[in-house]
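Asks: You'll find upload_35.csv just under this line, and it carries CSV, C-alpha atoms.
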chain,number,residue,atom,x,y,z
A,31,SER,CA,-49.3,44.7,-22.4
A,32,GLN,CA,-47.0,46.4,-19.9
A,33,THR,CA,-45.9,49.9,-20.7
A,34,ILE,CA,-44.5,52.9,-18.9
A,35,HIS,CA,-45.2,56.5,-19.9
A,36,GLN,CA,-43.3,59.6,-18.9
A,37,TRP,CA,-43.9,63.2,-19.7
A,38,PRO,CA,-43.1,65.8,-20.7
A,39,ALA,CA,-40.2,64.8,-23.0
A,40,THR,CA,-38.4,68.1,-22.7
A,41,LEU,CA,-38.8,71.0,-20.3
A,42,VAL,CA,-37.1,74.3,-19.9
A,43,GLN,CA,-37.7,76.0,-16.6
A,44,PRO,CA,-36.3,79.1,-14.9
A,45,VAL,CA,-34.4,78.9,-11.6
A,46,GLY,CA,-36.7,79.0,-8.7
A,47,SER,CA,-39.7,77.7,-10.5
A,48,PRO,CA,-41.6,74.5,-9.4
A,49,LEU,CA,-41.3,71.2,-11.1
A,50,SER,CA,-43.6,68.2,-11.7
A,51,LEU,CA,-42.7,65.2,-13.8
A,52,GLU,CA,-45.1,62.4,-14.1
A,53,CYS,CA,-44.7,58.7,-14.7
A,54,THR,CA,-47.4,56.1,-15.1
A,55,VAL,CA,-47.3,52.4,-15.8
A,56,GLU,CA,-49.9,50.2,-17.4
A,57,GLY,CA,-50.5,46.5,-17.4
A,58,THR,CA,-49.4,45.7,-14.0
A,59,SER,CA,-50.3,46.3,-10.4
A,60,ASN,CA,-48.2,47.2,-7.3
A,61,PRO,CA,-45.0,47.7,-9.2
A,62,ASN,CA,-41.8,48.9,-7.7
A,63,LEU,CA,-41.1,52.3,-9.2
A,64,TYR,CA,-37.9,54.3,-9.4
A,65,TRP,CA,-36.7,57.8,-10.5
A,66,TYR,CA,-33.2,58.2,-11.9
A,67,ARG,CA,-31.2,61.2,-13.1
A,68,GLN,CA,-28.7,60.9,-15.9
A,69,ALA,CA,-26.3,63.8,-15.7
A,70,ALA,CA,-23.5,64.5,-18.1
A,71,GLY,CA,-20.5,62.5,-17.2
A,72,ARG,CA,-22.1,61.1,-14.1
A,73,GLY,CA,-24.1,58.1,-15.3
A,74,LEU,CA,-27.4,57.1,-13.8
A,75,GLN,CA,-28.1,58.1,-10.2
A,76,LEU,CA,-30.9,56.6,-8.2
A,77,LEU,CA,-33.0,59.4,-6.7
A,78,PHE,CA,-36.2,57.8,-5.3
A,79,TYR,CA,-37.9,54.4,-5.1
A,80,SER,CA,-41.3,53.3,-4.1
A,81,VAL,CA,-42.9,49.9,-3.2
A,82,GLY,CA,-46.4,51.2,-2.9
A,83,ILE,CA,-48.9,54.1,-2.6
A,84,GLY,CA,-47.5,56.7,-0.3
A,85,GLN,CA,-44.3,54.8,0.3
A,86,ILE,CA,-41.2,56.8,-0.9
A,87,SER,CA,-37.6,56.2,-0.1
A,88,SER,CA,-34.9,58.8,-0.9
A,89,GLU,CA,-31.5,57.6,-2.0
A,90,VAL,CA,-29.7,60.9,-1.9
A,91,PRO,CA,-30.5,64.2,-0.2
A,92,GLN,CA,-31.4,66.9,-2.8
A,93,ASN,CA,-33.8,69.6,-3.9
A,94,LEU,CA,-36.3,67.1,-5.2
A,95,SER,CA,-39.1,65.1,-3.8
A,96,ALA,CA,-41.3,62.2,-5.0
A,97,SER,CA,-44.8,61.1,-4.4
A,98,ARG,CA,-46.9,58.1,-5.3
A,99,PRO,CA,-50.6,59.1,-5.1
A,100,GLN,CA,-51.8,56.1,-7.0
A,101,ASP,CA,-50.6,52.5,-7.5
A,102,ARG,CA,-49.3,53.2,-11.0
A,103,GLN,CA,-48.4,56.8,-10.8
A,104,PHE,CA,-45.0,58.2,-9.6
A,105,ILE,CA,-44.4,62.0,-9.5
A,106,LEU,CA,-41.1,63.8,-9.2
A,107,SER,CA,-41.4,67.4,-7.9
A,108,SER,CA,-39.5,70.4,-6.7
A,109,LYS,CA,-40.7,73.6,-5.1
A,110,LYS,CA,-37.8,75.7,-6.4
A,111,LEU,CA,-35.5,74.5,-9.1
A,112,LEU,CA,-31.8,75.0,-9.0
A,113,LEU,CA,-29.4,75.1,-12.0
A,114,SER,CA,-27.9,71.8,-10.7
A,115,ASP,CA,-31.2,70.1,-11.2
A,116,SER,CA,-30.7,70.1,-15.0
A,117,GLY,CA,-30.4,66.6,-16.4
A,118,PHE,CA,-32.2,63.7,-18.0
A,119,TYR,CA,-34.8,62.1,-15.7
A,120,LEU,CA,-35.8,58.5,-16.1
A,121,CYS,CA,-38.7,56.7,-14.5
A,122,ALA,CA,-38.3,52.9,-14.2
A,123,TRP,CA,-40.3,49.9,-13.1
A,124,MET,CA,-39.0,46.7,-11.9
A,125,VAL,CA,-40.5,43.6,-13.5
A,126,GLY,CA,-39.8,40.8,-11.1
A,127,ASN,CA,-36.2,39.7,-11.2
A,128,TYR,CA,-35.9,40.5,-14.9
A,129,GLY,CA,-34.6,44.0,-14.3
A,130,TYR,CA,-36.0,47.4,-15.1
A,131,THR,CA,-38.1,48.8,-17.9
A,132,PHE,CA,-37.4,52.4,-18.4
A,133,GLY,CA,-39.5,55.3,-19.6
A,134,SER,CA,-38.5,57.5,-22.5
A,135,GLY,CA,-37.2,60.2,-20.1
A,136,THR,CA,-37.6,63.9,-19.6
A,137,ARG,CA,-34.8,66.3,-20.5
A,138,LEU,CA,-34.9,69.2,-18.0
A,139,THR,CA,-33.0,72.3,-18.5
A,140,VAL,CA,-33.0,74.9,-15.7
A,141,VAL,CA,-32.0,78.4,-17.0
B,445,ALA,CA,-22.0,50.2,0.2
B,446,GLN,CA,-22.3,49.1,-3.4
B,447,ARG,CA,-20.3,50.5,-6.3
B,448,VAL,CA,-20.1,49.9,-10.0
B,449,THR,CA,-17.1,51.1,-12.0
B,450,GLN,CA,-16.8,51.3,-15.7
B,451,PRO,CA,-13.3,52.6,-16.2
B,452,GLU,CA,-13.7,53.5,-19.9
B,453,LYS,CA,-15.8,56.5,-20.8
B,454,LEU,CA,-15.2,56.1,-24.5
B,455,LEU,CA,-14.2,53.0,-26.5
B,456,SER,CA,-13.7,52.8,-30.2
B,457,VAL,CA,-13.1,49.8,-32.4
B,458,PHE,CA,-13.3,48.9,-36.0
B,459,LYS,CA,-16.0,46.7,-37.5
B,460,GLY,CA,-15.1,43.1,-37.1
B,461,ALA,CA,-12.7,43.6,-34.2
B,462,PRO,CA,-13.3,42.1,-30.8
B,463,VAL,CA,-14.7,44.4,-28.1
B,464,GLU,CA,-14.7,44.3,-24.3
B,465,LEU,CA,-16.4,46.8,-22.1
B,466,LYS,CA,-15.1,46.5,-18.6
B,467,CYS,CA,-17.2,46.6,-15.4
B,468,ASN,CA,-16.1,46.0,-11.8
B,469,TYR,CA,-18.3,46.1,-8.8
B,470,SER,CA,-18.1,46.1,-5.0
B,471,TYR,CA,-20.9,44.7,-2.9
B,472,SER,CA,-21.0,42.8,0.3
B,473,GLY,CA,-24.1,40.7,-0.6
B,474,SER,CA,-24.8,38.2,-3.4
B,475,PRO,CA,-24.5,40.3,-6.7
B,476,GLU,CA,-26.9,40.3,-9.6
B,477,LEU,CA,-25.4,42.0,-12.6
B,478,PHE,CA,-26.9,43.5,-15.7
B,479,TRP,CA,-25.9,45.2,-18.8
B,480,TYR,CA,-28.1,47.9,-20.3
B,481,VAL,CA,-27.7,49.6,-23.6
B,482,GLN,CA,-29.0,52.9,-25.0
B,483,TYR,CA,-28.9,53.4,-28.7
B,484,SER,CA,-29.2,56.8,-30.2
B,485,ARG,CA,-32.6,58.3,-29.6
B,486,GLN,CA,-33.9,55.1,-28.0
B,487,ARG,CA,-34.8,54.2,-24.5
B,488,LEU,CA,-32.4,52.6,-22.1
B,489,GLN,CA,-33.0,48.8,-22.4
B,490,LEU,CA,-31.8,45.6,-20.9
B,491,LEU,CA,-29.2,43.8,-22.9
B,492,LEU,CA,-28.4,40.9,-20.7
B,493,ARG,CA,-28.2,39.6,-17.1
B,494,HIS,CA,-25.7,37.3,-15.6
B,495,ILE,CA,-28.2,34.9,-14.1
B,496,SER,CA,-29.5,33.9,-17.5
B,497,ARG,CA,-26.1,33.2,-19.0
B,498,GLU,CA,-27.4,34.3,-22.3
B,499,SER,CA,-25.9,35.7,-25.5
B,500,ILE,CA,-27.7,38.7,-26.9
B,501,LYS,CA,-26.8,40.2,-30.2
B,502,GLY,CA,-23.5,38.3,-30.0
B,503,PHE,CA,-22.7,39.8,-26.6
B,504,THR,CA,-21.8,37.8,-23.6
B,505,ALA,CA,-20.8,38.6,-20.0
B,506,ASP,CA,-19.4,36.3,-17.3
B,507,LEU,CA,-19.6,37.1,-13.7
B,508,ASN,CA,-16.2,36.7,-12.1
B,509,LYS,CA,-16.7,36.9,-8.3
B,510,GLY,CA,-13.0,36.5,-7.6
B,511,GLU,CA,-12.2,39.6,-9.7
B,512,THR,CA,-15.6,41.2,-9.0
B,513,SER,CA,-16.0,41.8,-12.6
B,514,PHE,CA,-18.7,41.5,-15.2
B,515,HIS,CA,-17.1,42.5,-18.5
B,516,LEU,CA,-19.2,42.6,-21.7
B,517,LYS,CA,-17.6,41.0,-24.7
B,518,LYS,CA,-18.3,40.5,-28.4
B,519,PRO,CA,-15.9,38.7,-30.7
B,520,PHE,CA,-16.8,40.7,-33.9
B,521,ALA,CA,-18.2,44.2,-33.4
B,522,GLN,CA,-20.7,45.6,-35.8
B,523,GLU,CA,-21.5,49.3,-36.6
B,524,GLU,CA,-25.0,48.9,-35.1
B,525,ASP,CA,-23.4,48.1,-31.8
B,526,SER,CA,-22.5,51.7,-31.4
B,527,ALA,CA,-24.3,52.9,-28.3
B,528,MET,CA,-23.9,53.8,-24.6
B,529,TYR,CA,-23.5,50.7,-22.4
B,530,TYR,CA,-24.2,50.7,-18.7
B,531,CYS,CA,-23.3,48.0,-16.2
B,532,ALA,CA,-25.7,47.7,-13.3
B,533,LEU,CA,-25.7,45.9,-9.9
B,534,LYS,CA,-28.9,44.9,-8.3
B,535,THR,CA,-29.1,45.0,-4.5
B,536,ALA,CA,-31.9,43.7,-2.3
B,537,ASP,CA,-32.8,44.2,1.3
B,538,ARG,CA,-32.9,41.0,3.3
B,539,GLY,CA,-36.4,39.5,3.3
B,540,SER,CA,-37.6,42.1,0.8
B,541,THR,CA,-38.7,41.7,-2.8
B,542,LEU,CA,-37.6,45.3,-3.5
B,543,GLY,CA,-34.5,45.5,-5.7
B,544,ARG,CA,-32.5,48.6,-6.5
B,545,LEU,CA,-30.2,48.9,-9.5
B,546,TYR,CA,-27.0,50.9,-9.2
B,547,PHE,CA,-25.4,51.9,-12.5
B,548,GLY,CA,-21.9,52.6,-13.6
B,549,ARG,CA,-21.1,55.8,-15.5
B,550,GLY,CA,-21.4,54.1,-18.8
B,551,THR,CA,-19.1,53.5,-21.8
B,552,GLN,CA,-19.8,55.0,-25.1
B,553,LEU,CA,-18.9,52.4,-27.7
B,554,THR,CA,-18.2,53.6,-31.3
B,555,VAL,CA,-17.7,51.0,-34.0
B,556,TRP,CA,-16.1,52.4,-37.1
B,557,PRO,CA,-16.7,51.0,-40.6
Spit out the file's structure as structure tokens when you get a sec.

Replies:
Amino acid sequence: SQTIHQWPATLVQPVGSPLSLECTVEGTSNPNLYWYRQAAGRGLQLLFYSVGIGQISSEVPQNLSASRPQDRQFILSSKKLLLSDSGFYLCAWMVGNYGYTFGSGTRLTVV
Amino acid sequence: AQRVTQPEKLLSVFKGAPVELKCNYSYSGSPELFWYVQYSRQRLQLLLRHISRESIKGFTADLNKGETSFHLKKPFAQEEDSAMYYCALKTADRGSTLGRLYFGRGTQLTVWP
């Protein structure tokens, strides 16, 4: 079956520390993958998307970066976190024209 | 540029009352619209999409290109409908299979007993 995994579920990090969030999918190959951030009062904002290994497109300029080292792995990173990076991060995978399947998300709090 | 607007941040109705969650969009291409729902402590999940013209859990949504709207409706709300609802617009680059979903800010629906 097709599933998407995201971890960790929650994370508290100090300002200036690095970040690495991981997302993996199972049961499919060459998926389109996406990172979203859900900030309070701002809805879901598309951050990055990828159509294949090593192919990353950034939707908005920010303190974050993304990488896709393997077909079914998508990583969100930062070298130095800012307070404004706090939020709920969602990984998603597009299944044909049916829409997205979302991961369970990571709640990041930068302190 | 594309844009999805959900004008109501919060919406409350009583059980059995009709409910309508508004969604307007702007997009120069041919739109594909979706409604996603997030119940408490659950993942964001697809509720329905306009191209399938389906009714899910009693909800329907009709794409009105003239008014650029895709409002979500249910004639008789139930307590279990309480959730956050997101309207989303899918865009696609010409000649590409890649689609990107752009979401509205969401409407928190509360159905009172």

Asks: Do you know which residues are at most 8 Å from range 111-127 of chain A counting all atoms listed in the file, after dropping those on the same chain fewer than 3 positions away, and could you put them as a PyMOL selection string?

Replies: (chain A and resi 34+36+43-49+53+55+61-70+93+108+130-141) or (chain B and resi 543)

Asks: Taking 4 positions as the minimum chain separation for residues in the same chain, which residues sit within 10 Å of Gly548 in chain B when counting only C-alpha atoms? Answer as a ChimeraX atom specification.

Replies: /A:72-75 /B:447-451,467-469,479,529-533

Asks: Quick one: distance from CA of Leu545 in chain B to CA of Arg493 in chain B in Å, one decimal?

Replies: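 Taking CA of Leu545 in chain B as the start and CA of Arg493 in chain B as the end point, the length is 12.2 Å.
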
Asks: Could you list the residues in chain B lying within 6 Å of chain A, using all atoms listed in the file, and format the result as a list in words?

Replies: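 That gives Arg487, Phe547, Arg549 and Gly550 of chain B for chain B.
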
Asks: Using all atoms listed in the file, find the one residue out of B:Phe478, B:Tyr471, B:Tyr546, B:Phe503 that sits nearest to Ala521 in chain B.

Replies: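 Looking only at the distances to Ala521 in chain B, the closest residue turns out to be B:Phe503.
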
Asks: If I take CA of Trp37 in chain A and CA of Ile83 in chain A, how far is one from the other in Å, to one decimal?

Replies: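 Those two atoms sit 20.0 Å apart.
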
Asks: In Å, with one decimal, what is the gap from CA of Val90 in chain A to CA of Thr535 in chain B?

Replies: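 Distance reported for this atom pair: 16.1 Å.
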
Asks: I'd like the neighbourhood of Phe520 in chain B as a list in words, where a residue qualifies if any of its atoms comes within 10 Å (using only C-alpha atoms), though same-chain residues fewer than 2 positions away should be ignored.

Replies: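 Once the adjacent positions are removed, what remains is Val457, Phe458, Lys459, Gly460, Ala461, Pro462, Val463, Gly502, Phe503, Lys517, Lys518 and Gln522 of chain B.
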
Asks: Would you pick out the contacts of Leu94 in chain A at 8 Å or less, using all atoms listed in the file, so that residues sharing its chain but fewer than 2 positions from it are not included, and give the list as an MDAnalysis selection string?

Replies: chainID A and resid 92 96 106:109

Asks: Please rebuild range 82-106 of chain A with N, CA, C and O atoms and return the result as an mmCIF file, in the coordinates of the input.

Replies:
data_model
loop_
_atom_site.group_PDB
_atom_site.id
_atom_site.type_symbol
_atom_site.label_atom_id
_atom_site.label_comp_id
_atom_site.auth_asym_id
_atom_site.auth_seq_id
_atom_site.Cartn_x
_atom_site.Cartn_y
_atom_site.Cartn_z
ATOM 1 N N GLY A 82 -44.967 51.111 -2.934
ATOM 2 C CA GLY A 82 -46.400 51.200 -2.900
ATOM 3 C C GLY A 82 -46.918 52.593 -2.709
ATOM 4 O O GLY A 82 -46.130 53.532 -2.511
ATOM 5 N N ILE A 83 -48.222 52.740 -2.727
ATOM 6 C CA ILE A 83 -48.900 54.100 -2.600
ATOM 7 C C ILE A 83 -48.376 54.728 -1.305
ATOM 8 O O ILE A 83 -48.406 54.123 -0.218
ATOM 9 N N GLY A 84 -47.941 55.963 -1.446
ATOM 10 C CA GLY A 84 -47.500 56.700 -0.300
ATOM 11 C C GLY A 84 -46.176 56.350 0.302
ATOM 12 O O GLY A 84 -45.725 56.949 1.268
ATOM 13 N N GLN A 85 -45.528 55.334 -0.252
ATOM 14 C CA GLN A 85 -44.300 54.800 0.300
ATOM 15 C C GLN A 85 -43.101 55.295 -0.595
ATOM 16 O O GLN A 85 -42.959 54.797 -1.711
ATOM 17 N N ILE A 86 -42.318 56.225 -0.090
ATOM 18 C CA ILE A 86 -41.200 56.800 -0.900
ATOM 19 C C ILE A 86 -39.943 56.678 -0.050
ATOM 20 O O ILE A 86 -39.924 57.004 1.133
ATOM 21 N N SER A 87 -38.900 56.242 -0.711
ATOM 22 C CA SER A 87 -37.600 56.200 -0.100
ATOM 23 C C SER A 87 -36.642 57.073 -0.938
ATOM 24 O O SER A 87 -36.662 56.993 -2.164
ATOM 25 N N SER A 88 -35.871 57.882 -0.269
ATOM 26 C CA SER A 88 -34.900 58.800 -0.900
ATOM 27 C C SER A 88 -33.536 58.184 -0.871
ATOM 28 O O SER A 88 -33.097 57.756 0.198
ATOM 29 N N GLU A 89 -32.884 58.176 -2.000
ATOM 30 C CA GLU A 89 -31.500 57.600 -2.000
ATOM 31 C C GLU A 89 -30.476 58.637 -1.708
ATOM 32 O O GLU A 89 -29.470 58.326 -1.083
ATOM 33 N N VAL A 90 -30.672 59.852 -2.143
ATOM 34 C CA VAL A 90 -29.700 60.900 -1.900
ATOM 35 C C VAL A 90 -30.451 62.189 -1.499
ATOM 36 O O VAL A 90 -31.522 62.460 -2.010
ATOM 37 N N PRO A 91 -29.864 62.971 -0.593
ATOM 38 C CA PRO A 91 -30.500 64.200 -0.200
ATOM 39 C C PRO A 91 -30.396 65.227 -1.384
ATOM 40 O O PRO A 91 -29.381 65.280 -2.057
ATOM 41 N N GLN A 92 -31.461 65.966 -1.622
ATOM 42 C CA GLN A 92 -31.400 66.900 -2.800
ATOM 43 C C GLN A 92 -32.613 67.823 -2.686
ATOM 44 O O GLN A 92 -33.379 67.808 -1.746
ATOM 45 N N ASN A 93 -32.732 68.585 -3.746
ATOM 46 C CA ASN A 93 -33.800 69.600 -3.900
ATOM 47 C C ASN A 93 -35.067 69.034 -4.388
ATOM 48 O O ASN A 93 -36.011 69.773 -4.644
ATOM 49 N N LEU A 94 -35.147 67.738 -4.563
ATOM 50 C CA LEU A 94 -36.300 67.100 -5.200
ATOM 51 C C LEU A 94 -37.082 66.278 -4.195
ATOM 52 O O LEU A 94 -36.548 65.873 -3.155
ATOM 53 N N SER A 95 -38.322 66.001 -4.544
ATOM 54 C CA SER A 95 -39.100 65.100 -3.800
ATOM 55 C C SER A 95 -39.944 64.214 -4.704
ATOM 56 O O SER A 95 -40.048 64.500 -5.900
ATOM 57 N N ALA A 96 -40.486 63.142 -4.178
ATOM 58 C CA ALA A 96 -41.300 62.200 -5.000
ATOM 59 C C ALA A 96 -42.556 61.871 -4.251
ATOM 60 O O ALA A 96 -42.596 61.910 -3.020
ATOM 61 N N SER A 97 -43.573 61.527 -5.013
ATOM 62 C CA SER A 97 -44.800 61.100 -4.400
ATOM 63 C C SER A 97 -45.440 59.995 -5.257
ATOM 64 O O SER A 97 -45.169 59.885 -6.457
ATOM 65 N N ARG A 98 -46.244 59.191 -4.599
ATOM 66 C CA ARG A 98 -46.900 58.100 -5.300
ATOM 67 C C ARG A 98 -48.399 58.138 -4.854
ATOM 68 O O ARG A 98 -48.787 57.406 -3.943
ATOM 69 N N PRO A 99 -49.185 58.966 -5.499
ATOM 70 C CA PRO A 99 -50.600 59.100 -5.100
ATOM 71 C C PRO A 99 -51.475 57.952 -5.508
ATOM 72 O O PRO A 99 -52.510 57.712 -4.877
ATOM 73 N N GLN A 100 -51.076 57.234 -6.541
ATOM 74 C CA GLN A 100 -51.800 56.100 -7.000
ATOM 75 C C GLN A 100 -50.860 54.930 -7.271
ATOM 76 O O GLN A 100 -49.660 55.140 -7.425
ATOM 77 N N ASP A 101 -51.394 53.733 -7.337
ATOM 78 C CA ASP A 101 -50.600 52.500 -7.500
ATOM 79 C C ASP A 101 -49.610 52.629 -8.672
ATOM 80 O O ASP A 101 -48.450 52.208 -8.594
ATOM 81 N N ARG A 102 -50.095 53.168 -9.792
ATOM 82 C CA ARG A 102 -49.300 53.200 -11.000
ATOM 83 C C ARG A 102 -48.868 54.552 -11.433
ATOM 84 O O ARG A 102 -48.613 54.802 -12.604
ATOM 85 N N GLN A 103 -48.771 55.462 -10.475
ATOM 86 C CA GLN A 103 -48.400 56.800 -10.800
ATOM 87 C C GLN A 103 -47.246 57.247 -9.830
ATOM 88 O O GLN A 103 -47.344 57.086 -8.610
ATOM 89 N N PHE A 104 -46.204 57.816 -10.405
ATOM 90 C CA PHE A 104 -45.000 58.200 -9.600
ATOM 91 C C PHE A 104 -44.663 59.626 -10.105
ATOM 92 O O PHE A 104 -44.480 59.847 -11.301
ATOM 93 N N ILE A 105 -44.564 60.560 -9.165
ATOM 94 C CA ILE A 105 -44.400 62.000 -9.500
ATOM 95 C C ILE A 105 -43.077 62.480 -8.888
ATOM 96 O O ILE A 105 -42.811 62.221 -7.704
ATOM 97 N N LEU A 106 -42.303 63.195 -9.673
ATOM 98 C CA LEU A 106 -41.100 63.800 -9.200
ATOM 99 C C LEU A 106 -41.341 65.340 -9.153
ATOM 100 O O LEU A 106 -41.812 65.906 -10.137
#
